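Novice: My structure is stored as run.cif, with mmCIF, C-alpha atoms.
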data_final
#
loop_
_atom_site.group_PDB
_atom_site.id
_atom_site.type_symbol
_atom_site.label_atom_id
_atom_site.label_comp_id
_atom_site.auth_asym_id
_atom_site.auth_seq_id
_atom_site.Cartn_x
_atom_site.Cartn_y
_atom_site.Cartn_z
ATOM 1 C CA MET A 14 -53.123 60.430 6.246
ATOM 2 C CA ALA A 15 -52.442 58.103 9.131
ATOM 3 C CA ASP A 16 -49.046 56.623 9.895
ATOM 4 C CA VAL A 17 -49.017 53.098 8.512
ATOM 5 C CA ALA A 18 -45.380 52.293 9.206
ATOM 6 C CA ALA A 19 -46.244 50.057 12.140
ATOM 7 C CA ALA A 20 -47.822 46.732 11.262
ATOM 8 C CA PRO A 21 -51.217 46.107 12.846
ATOM 9 C CA ASP A 22 -51.024 44.289 16.154
ATOM 10 C CA PRO A 23 -54.095 42.060 16.511
ATOM 11 C CA GLY A 24 -53.111 41.699 20.166
ATOM 12 C CA ALA A 25 -53.988 45.379 20.598
ATOM 13 C CA LEU A 26 -57.612 44.664 19.733
ATOM 14 C CA PRO A 27 -59.919 44.037 22.663
ATOM 15 C CA GLY A 28 -61.686 40.674 22.581
ATOM 16 C CA LEU A 29 -60.558 39.544 19.097
ATOM 17 C CA PRO A 30 -61.778 35.944 18.656
ATOM 18 C CA ARG A 31 -58.583 33.972 18.007
ATOM 19 C CA ALA A 32 -57.235 30.495 17.444
ATOM 20 C CA ALA A 33 -53.570 29.534 17.620
ATOM 21 C CA ASP A 34 -53.047 30.486 13.960
ATOM 22 C CA GLY A 35 -54.967 33.778 13.905
ATOM 23 C CA PRO A 36 -58.420 35.371 13.964
ATOM 24 C CA VAL A 37 -61.560 33.226 13.922
ATOM 25 C CA PHE A 38 -64.599 34.121 11.817
ATOM 26 C CA ALA A 39 -68.040 32.517 12.198
ATOM 27 C CA VAL A 40 -69.374 33.765 8.846
ATOM 28 C CA PRO A 41 -67.759 35.202 5.688
ATOM 29 C CA TRP A 42 -68.822 38.819 6.247
ATOM 30 C CA GLN A 43 -66.729 38.919 9.436
ATOM 31 C CA ALA A 44 -63.584 37.985 7.507
ATOM 32 C CA GLN A 45 -64.468 40.553 4.851
ATOM 33 C CA ALA A 46 -64.916 43.299 7.461
ATOM 34 C CA PHE A 47 -61.581 42.311 9.002
ATOM 35 C CA ALA A 48 -59.839 42.392 5.600
ATOM 36 C CA LEU A 49 -61.429 45.728 4.694
ATOM 37 C CA THR A 50 -60.206 47.226 7.960
ATOM 38 C CA LEU A 51 -56.658 46.042 7.270
ATOM 39 C CA ALA A 52 -56.822 47.390 3.704
ATOM 40 C CA LEU A 53 -58.062 50.815 4.813
ATOM 41 C CA HIS A 54 -55.349 50.943 7.469
ATOM 42 C CA ARG A 55 -52.659 49.984 4.954
ATOM 43 C CA GLN A 56 -53.932 52.671 2.568
ATOM 44 C CA GLY A 57 -53.458 55.214 5.337
ATOM 45 C CA LEU A 58 -57.049 56.096 6.167
ATOM 46 C CA PHE A 59 -56.371 55.550 9.879
ATOM 47 C CA SER A 60 -53.601 54.374 12.178
ATOM 48 C CA TRP A 61 -53.840 51.089 14.014
ATOM 49 C CA THR A 62 -53.985 52.997 17.287
ATOM 50 C CA GLU A 63 -56.973 54.974 15.979
ATOM 51 C CA TRP A 64 -58.637 51.733 14.926
ATOM 52 C CA ALA A 65 -58.067 49.998 18.262
ATOM 53 C CA SER A 66 -59.431 53.067 20.083
ATOM 54 C CA ALA A 67 -62.521 53.221 17.849
ATOM 55 C CA LEU A 68 -63.235 49.527 18.362
ATOM 56 C CA ALA A 69 -62.722 49.761 22.118
ATOM 57 C CA ALA A 70 -65.070 52.768 22.285
ATOM 58 C CA GLN A 71 -67.730 50.891 20.300
ATOM 59 C CA ILE A 72 -67.472 47.861 22.591
ATOM 60 C CA ARG A 73 -67.661 50.040 25.721
ATOM 61 C CA ALA A 74 -70.744 51.817 24.341
ATOM 62 C CA ALA A 75 -72.416 48.485 23.558
ATOM 63 C CA GLN A 76 -71.648 47.149 27.026
ATOM 64 C CA ALA A 77 -73.014 50.325 28.601
ATOM 65 C CA ALA A 78 -76.199 49.813 26.542
ATOM 66 C CA GLY A 79 -76.581 46.283 27.922
ATOM 67 C CA ASP A 80 -74.632 44.035 25.524
ATOM 68 C CA PRO A 81 -73.804 40.968 27.657
ATOM 69 C CA ASP A 82 -70.402 40.679 25.896
ATOM 70 C CA LEU A 83 -70.609 36.948 25.214
ATOM 71 C CA GLY A 84 -68.375 37.242 22.149
ATOM 72 C CA ASP A 85 -71.129 36.605 19.619
ATOM 73 C CA SER A 86 -71.536 40.300 18.829
ATOM 74 C CA TYR A 87 -67.837 41.161 18.488
ATOM 75 C CA TYR A 88 -67.881 41.599 14.717
ATOM 76 C CA ASP A 89 -71.128 43.578 14.889
ATOM 77 C CA HIS A 90 -69.155 46.029 17.029
ATOM 78 C CA TRP A 91 -66.218 45.741 14.617
ATOM 79 C CA LEU A 92 -68.417 46.752 11.678
ATOM 80 C CA ALA A 93 -70.077 49.592 13.608
ATOM 81 C CA ALA A 94 -66.656 50.924 14.634
ATOM 82 C CA LEU A 95 -65.420 50.697 11.039
ATOM 83 C CA GLU A 96 -68.462 52.562 9.713
ATOM 84 C CA THR A 97 -68.033 55.263 12.358
ATOM 85 C CA LEU A 98 -64.328 55.692 11.645
ATOM 86 C CA VAL A 99 -64.790 55.722 7.852
ATOM 87 C CA ALA A 100 -67.447 58.433 8.210
ATOM 88 C CA ALA A 101 -65.340 60.415 10.695
ATOM 89 C CA LYS A 102 -62.422 60.358 8.244
ATOM 90 C CA GLY A 103 -64.671 61.579 5.421
ATOM 91 C CA ALA A 104 -64.202 58.521 3.217
ATOM 92 C CA SER A 105 -67.975 58.061 3.225
ATOM 93 C CA SER A 106 -70.936 59.328 5.200
ATOM 94 C CA LYS A 107 -73.255 57.583 7.627
ATOM 95 C CA ALA A 108 -76.099 58.214 5.151
ATOM 96 C CA GLU A 109 -74.187 56.658 2.248
ATOM 97 C CA LEU A 110 -73.214 53.640 4.339
ATOM 98 C CA GLN A 111 -76.830 53.197 5.442
ATOM 99 C CA HIS A 112 -78.012 53.514 1.816
ATOM 100 C CA TYR A 113 -75.698 50.694 0.740
ATOM 101 C CA ALA A 114 -76.608 48.545 3.762
ATOM 102 C CA GLN A 115 -80.285 48.876 2.853
ATOM 103 C CA ALA A 116 -79.536 47.985 -0.771
ATOM 104 C CA TRP A 117 -77.623 44.881 0.298
ATOM 105 C CA GLY A 118 -80.507 43.982 2.617
ATOM 106 C CA ARG A 119 -82.976 44.202 -0.263
ATOM 107 C CA ALA A 120 -80.687 42.114 -2.458
ATOM 108 C CA ALA A 121 -80.337 39.495 0.279
ATOM 109 C CA GLU A 122 -84.120 39.322 0.762
ATOM 110 C CA ARG A 123 -84.733 38.489 -2.907
ATOM 111 C CA THR A 124 -81.821 36.068 -3.277
ATOM 112 C CA PRO A 125 -82.497 32.348 -2.752
ATOM 113 C CA HIS A 126 -80.485 30.722 0.032
ATOM 114 C CA GLY A 127 -77.126 29.494 -1.154
ATOM 115 C CA LYS A 128 -77.022 31.732 -4.209
ATOM 116 C CA PRO A 129 -74.631 34.679 -4.594
ATOM 117 C CA ILE A 130 -76.109 38.035 -3.673
ATOM 118 C CA ALA A 131 -75.916 40.594 -6.468
ATOM 119 C CA LEU A 132 -76.956 44.222 -6.343
ATOM 120 C CA ILE A 133 -79.242 45.600 -9.059
ATOM 121 C CA ASP A 134 -80.397 49.168 -9.637
ATOM 122 C CA GLY A 135 -83.756 48.460 -7.984
ATOM 123 C CA ASP A 136 -81.995 47.668 -4.699
ATOM 124 C CA PHE A 137 -81.071 51.346 -4.420
ATOM 125 C CA ALA A 138 -84.561 52.701 -5.137
ATOM 126 C CA PRO A 139 -86.396 54.316 -2.235
ATOM 127 C CA ASP A 140 -89.054 52.061 -0.766
ATOM 128 C CA PRO A 141 -91.951 54.009 0.777
ATOM 129 C CA GLY A 142 -92.711 51.099 3.106
ATOM 130 C CA ARG A 143 -89.221 51.104 4.670
ATOM 131 C CA GLN A 144 -87.879 53.259 7.436
ATOM 132 C CA PRO A 145 -85.016 55.490 6.285
#
I'd like the structure from this file rewritten - as C-alpha cells, please.
Specialist:
Amino acid sequence: MADVAAAPDPGALPGLPRAADGPVFAVPWQAQAFALTLALHRQGLFSWTEWASALAAQIRAAQAAGDPDLGDSYYDHWLAALETLVAAKGASSKAELQHYAQAWGRAAERTPHGKPIALIDGDFAPDPGRQP
C-alpha cells in the first residue's frame, strides 16, 4: 500500500482550478471525482506523489493529442487519470470501469432532467446497438 502519512498537497497538482478557499468545481461530478481521489489516497491505494504524476501524465498526453488546455477539460483529465491509476493498482479493471460508465450513461439517458439518476439491472445489460 502507498504511504499516506503526508497530507495531499493540492498545490502539487498541475492546473487545479482554485479559488481563495480551495478547489472550484463547475458540476457535481467533478467534486465527487475529487473526493473519491482523496478517499482512495487516504485508504492507501496510491501516494499523493503517484497521483500527481498520473494526473500530470494524463494532461501531457491530452495536450500532445491537441487539447488546447483552456481549463474546461481539467476534470476530464482528472477522471481519466484516476481510472488509469485505479486499474494499474488492480482495484478495478479498465473493462469494469467502462462497463459501469456505460451503465451510468444508459441510466442518465432515461432519467428526466432534474431527477436523480438511479441504476437498474437493465442498465448493465449488453446492448447490441452500442459499441463496446
Novice: One decimal, Å: what's the distance from CA of Ser66 (chain A) over to CA of Val99 (chain A), could you say?
Specialist: 13.6 Å
Novice: Evaluated on this file, the PyMOL selection byres ((chain A and resi 136) around 10) picks out some residues - which ones are they, written as a ChimeraX atom specification?
Specialist: /A:112-113,115-121,123,131-135,137-140
Novice: Just the number, please: distance in Å from CA of Ser60 (chain A) to CA of Ala48 (chain A), one decimal.
Specialist: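 One can read the CA of Ser60 (chain A) to CA of Ala48 (chain A) distance as 15.0 Å.
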Novice: I'd like to see the residues matched by the PyMOL selection byres ((chain A and resi 102) around 12) on this file, and ideally I'd get them as a list in words.
Specialist: Met14, Ala15, Leu53, His54, Gly57, Leu58, Phe59, Ser60, Glu63, Trp64, Ala67, Leu95, Glu96, Thr97, Leu98, Val99, Ala100, Ala101, Gly103, Ala104, Ser105, Ser106 and Lys107 of chain A
Novice: What is the CA of Phe38 (chain A) to CA of Tyr88 (chain A) distance in Å?
Specialist: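 So the two atoms, CA of Phe38 (chain A) and CA of Tyr88 (chain A), lie 8.7 Å apart.
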Novice: Spell out the residues picked by the PyMOL selection byres ((chain A and resi 90) around 8) here, as a PyMOL selection string.
Specialist: chain A and resi 68+71-72+75+86-89+91-94
